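Asker: File name entry35.pdb; file contents PDB, C-alpha atoms, pLDDT in the B column; full text below.
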ATOM      1  CA  MET A   1     -10.029   5.281  -2.456  1.00 87.00           C
ATOM      2  CA  ILE A   2      -6.930   6.052  -4.488  1.00 89.00           C
ATOM      3  CA  GLU A   3      -4.624   3.246  -5.571  1.00 89.00           C
ATOM      4  CA  VAL A   4      -1.288   4.011  -7.230  1.00 90.00           C
ATOM      5  CA  LEU A   5      -0.106   1.171  -9.451  1.00 88.00           C
ATOM      6  CA  SER A   6       3.349  -0.244  -8.957  1.00 86.00           C
ATOM      7  CA  PRO A   7       5.009  -2.806 -11.224  1.00 82.00           C
ATOM      8  CA  SER A   8       5.234  -5.454  -8.514  1.00 82.00           C
ATOM      9  CA  THR A   9       1.550  -5.316  -7.454  1.00 77.00           C
ATOM     10  CA  ARG A  10      -0.135  -4.080 -10.650  1.00 77.00           C
ATOM     11  CA  HIS A  11      -2.067  -7.284 -11.373  1.00 72.00           C
ATOM     12  CA  HIS A  12      -3.350  -7.547  -7.790  1.00 74.00           C
ATOM     13  CA  ASP A  13      -4.265  -3.830  -7.625  1.00 72.00           C
ATOM     14  CA  LEU A  14      -6.299  -3.976 -10.844  1.00 75.00           C
ATOM     15  CA  GLY A  15      -8.154  -7.141  -9.896  1.00 71.00           C
ATOM     16  CA  ARG A  16      -8.830  -8.436  -6.441  1.00 79.00           C
ATOM     17  CA  LYS A  17      -7.913  -5.270  -4.564  1.00 81.00           C
ATOM     18  CA  ARG A  18     -10.140  -2.981  -6.684  1.00 81.00           C
ATOM     19  CA  HIS A  19     -13.102  -5.347  -6.395  1.00 82.00           C
ATOM     20  CA  GLY A  20     -12.523  -5.689  -2.664  1.00 86.00           C
ATOM     21  CA  TYR A  21     -12.793  -1.935  -2.139  1.00 86.00           C
ATOM     22  CA  LEU A  22     -16.039  -1.700  -4.108  1.00 86.00           C
ATOM     23  CA  ASP A  23     -17.481  -4.782  -2.399  1.00 87.00           C
ATOM     24  CA  THR A  24     -16.983  -3.160   1.015  1.00 90.00           C
ATOM     25  CA  GLY A  25     -18.956  -0.058   0.057  1.00 90.00           C
ATOM     26  CA  VAL A  26     -16.324   2.320  -1.286  1.00 91.00           C
ATOM     27  CA  GLN A  27     -18.128   4.592  -3.783  1.00 94.00           C
ATOM     28  CA  GLU A  28     -15.134   5.329  -6.039  1.00 94.00           C
ATOM     29  CA  VAL A  29     -11.779   3.712  -6.654  1.00 92.00           C
ATOM     30  CA  TRP A  30      -9.215   5.783  -8.520  1.00 94.00           C
ATOM     31  CA  ILE A  31      -6.438   3.759 -10.119  1.00 92.00           C
ATOM     32  CA  VAL A  32      -3.468   6.035 -10.852  1.00 93.00           C
ATOM     33  CA  ASP A  33      -1.211   4.690 -13.597  1.00 92.00           C
ATOM     34  CA  GLY A  34       1.921   6.829 -13.688  1.00 91.00           C
ATOM     35  CA  GLU A  35       3.427   4.863 -16.557  1.00 90.00           C
ATOM     36  CA  ALA A  36       0.458   5.638 -18.836  1.00 92.00           C
ATOM     37  CA  ASP A  37      -0.323   9.076 -17.341  1.00 95.00           C
ATOM     38  CA  ARG A  38      -3.952   8.213 -16.717  1.00 94.00           C
ATOM     39  CA  VAL A  39      -6.437   7.722 -13.927  1.00 96.00           C
ATOM     40  CA  THR A  40      -9.175   5.129 -14.227  1.00 94.00           C
ATOM     41  CA  VAL A  41     -12.172   5.777 -11.999  1.00 95.00           C
ATOM     42  CA  HIS A  42     -14.348   2.815 -11.023  1.00 92.00           C
ATOM     43  CA  ARG A  43     -17.640   3.785  -9.398  1.00 92.00           C
ATOM     44  CA  ALA A  44     -20.068   1.727  -7.373  1.00 91.00           C
ATOM     45  CA  GLY A  45     -22.726   0.471  -9.738  1.00 89.00           C
ATOM     46  CA  GLY A  46     -20.219  -0.574 -12.383  1.00 89.00           C
ATOM     47  CA  THR A  47     -19.355   2.585 -14.292  1.00 92.00           C
ATOM     48  CA  THR A  48     -15.768   3.177 -15.326  1.00 93.00           C
ATOM     49  CA  SER A  49     -14.145   6.248 -16.863  1.00 95.00           C
ATOM     50  CA  ILE A  50     -10.596   6.847 -18.049  1.00 96.00           C
ATOM     51  CA  HIS A  51      -8.949  10.257 -17.694  1.00 96.00           C
ATOM     52  CA  THR A  52      -5.701  11.405 -19.271  1.00 95.00           C
ATOM     53  CA  ASP A  53      -3.146  14.067 -18.449  1.00 91.00           C
ATOM     54  CA  THR A  54      -5.074  16.634 -20.502  1.00 93.00           C
ATOM     55  CA  GLU A  55      -8.010  16.694 -18.080  1.00 94.00           C
ATOM     56  CA  THR A  56      -9.034  18.084 -14.735  1.00 95.00           C
ATOM     57  CA  LEU A  57     -10.622  15.362 -12.642  1.00 95.00           C
ATOM     58  CA  THR A  58     -13.516  15.956 -10.246  1.00 95.00           C
ATOM     59  CA  THR A  59     -15.695  13.769  -8.072  1.00 94.00           C
ATOM     60  CA  PRO A  60     -19.279  14.261  -6.932  1.00 93.00           C
ATOM     61  CA  LEU A  61     -18.197  12.917  -3.540  1.00 94.00           C
ATOM     62  CA  ILE A  62     -16.184  16.093  -2.772  1.00 94.00           C
ATOM     63  CA  PRO A  63     -17.945  19.079  -4.374  1.00 95.00           C
ATOM     64  CA  GLY A  64     -15.561  21.761  -5.621  1.00 96.00           C
ATOM     65  CA  TRP A  65     -12.441  19.574  -5.390  1.00 95.00           C
ATOM     66  CA  THR A  66     -10.374  19.157  -8.562  1.00 96.00           C
ATOM     67  CA  VAL A  67      -7.160  17.465  -9.652  1.00 94.00           C
ATOM     68  CA  ASP A  68      -5.240  18.842 -12.639  1.00 96.00           C
ATOM     69  CA  LEU A  69      -3.880  15.642 -14.144  1.00 96.00           C
ATOM     70  CA  ALA A  70      -1.265  17.502 -16.204  1.00 95.00           C
ATOM     71  CA  GLU A  71       0.163  18.797 -12.937  1.00 95.00           C
ATOM     72  CA  LEU A  72      -0.145  15.404 -11.256  1.00 92.00           C
ATOM     73  CA  PHE A  73       1.810  13.672 -14.014  1.00 94.00           C
ATOM     74  CA  ALA A  74       4.316  16.480 -14.654  1.00 93.00           C
ATOM     75  CA  ARG A  75       7.892  15.260 -14.727  1.00 77.00           C
TER
END
Let me see the structure of the file written as structure tokens.
Answerer:
Amino acid sequence: MIEVLSPSTRHHDLGRKRHGYLDTGVQEVWIVDGEADRVTVHRAGGTTSIHTDTETLTTPLIPGWTVDLAELFAR
């Protein structure tokens, strides 16, 4: 699941909504924060990792798939 933060729903997206996704069996929730140029990945089981615009992001759920965060956040 990918959630893009917006100013009007930021608090809800980071709290109840994120937990709701994980509680229903979603294995990963990616929170994209365009203001901070970072992606926070929350995984089932409680692990969290933060990735910045200098990284290429991958997921074990889709082997071979990558996201260049510098390209994602390019302005």
Asker: As an exercise, work out the distance from atom CA of Thr56 of chain A to atom CA of Val26 of chain A in Å and give it to one decimal place.
Answerer: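 Between atom CA of Thr56 of chain A and atom CA of Val26 of chain A the gap is 22.0 Å.
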Asker: As an exercise, work out the distance from atom CA of Pro7 of chain A to atom CA of Thr66 of chain A in Å and give it to one decimal place.
Answerer: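 Computed distance, atom CA of Pro7 of chain A to atom CA of Thr66 of chain A, equals 26.9 Å.
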Asker: List the spatial neighbours of Lys17 of chain A as a PyMOL selection string - criterion: any atom at most 12 Å away, all atoms listed in the file, same-chain residues fewer than 3 positions off excluded.
Answerer: chain A and resi 1-5+9-14+20-24+26+29-31
Asker: With distances taken over all atoms listed in the file, which of A:Leu69, A:Thr59, A:His19, A:Gly64 is nearest to Ala36 of chain A?
Answerer: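 When distances to Ala36 of chain A are compared using all atoms listed in the file, the smallest one comes from A:Leu69.
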Asker: Hey, what's within 7 Å of segment 48-52 of chain A if we count only C-alpha atoms and toss same-chain stuff fewer than 6 positions away? As a list of chain:residue names, please?
Answerer: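 Those residues are A:Asp37, A:Arg38, A:Val39, A:Thr40, A:Val41, A:His42, A:Leu69.
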Asker: Measure the distance from atom CA of Pro63 of chain A to atom CA of Val32 of chain A in Å and round it to one decimal.
Answerer: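 Atom CA of Pro63 of chain A sits 20.5 Å away from atom CA of Val32 of chain A.
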Asker: May I ask which of the residues A:Gly15, A:Ser6, A:Thr47, A:Glu71 is the closest one to Asp33 of chain A, counting all atoms listed in the file?
Answerer: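 For Asp33 of chain A, the nearest of the given residues is A:Ser6.
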Asker: Tell me which of A:Ser8, A:Glu35, A:Gln27, A:Trp65 sits closest to Asp53 of chain A, counting only C-alpha atoms.
Answerer: A:Glu35
Asker: Using all atoms listed in the file, list the residues that have an atom at most 7 Å from (1.5, 11.1, -9.2), coordinates as in the file, as an NGL selection string.
Answerer: :A and (34 or 72-73)
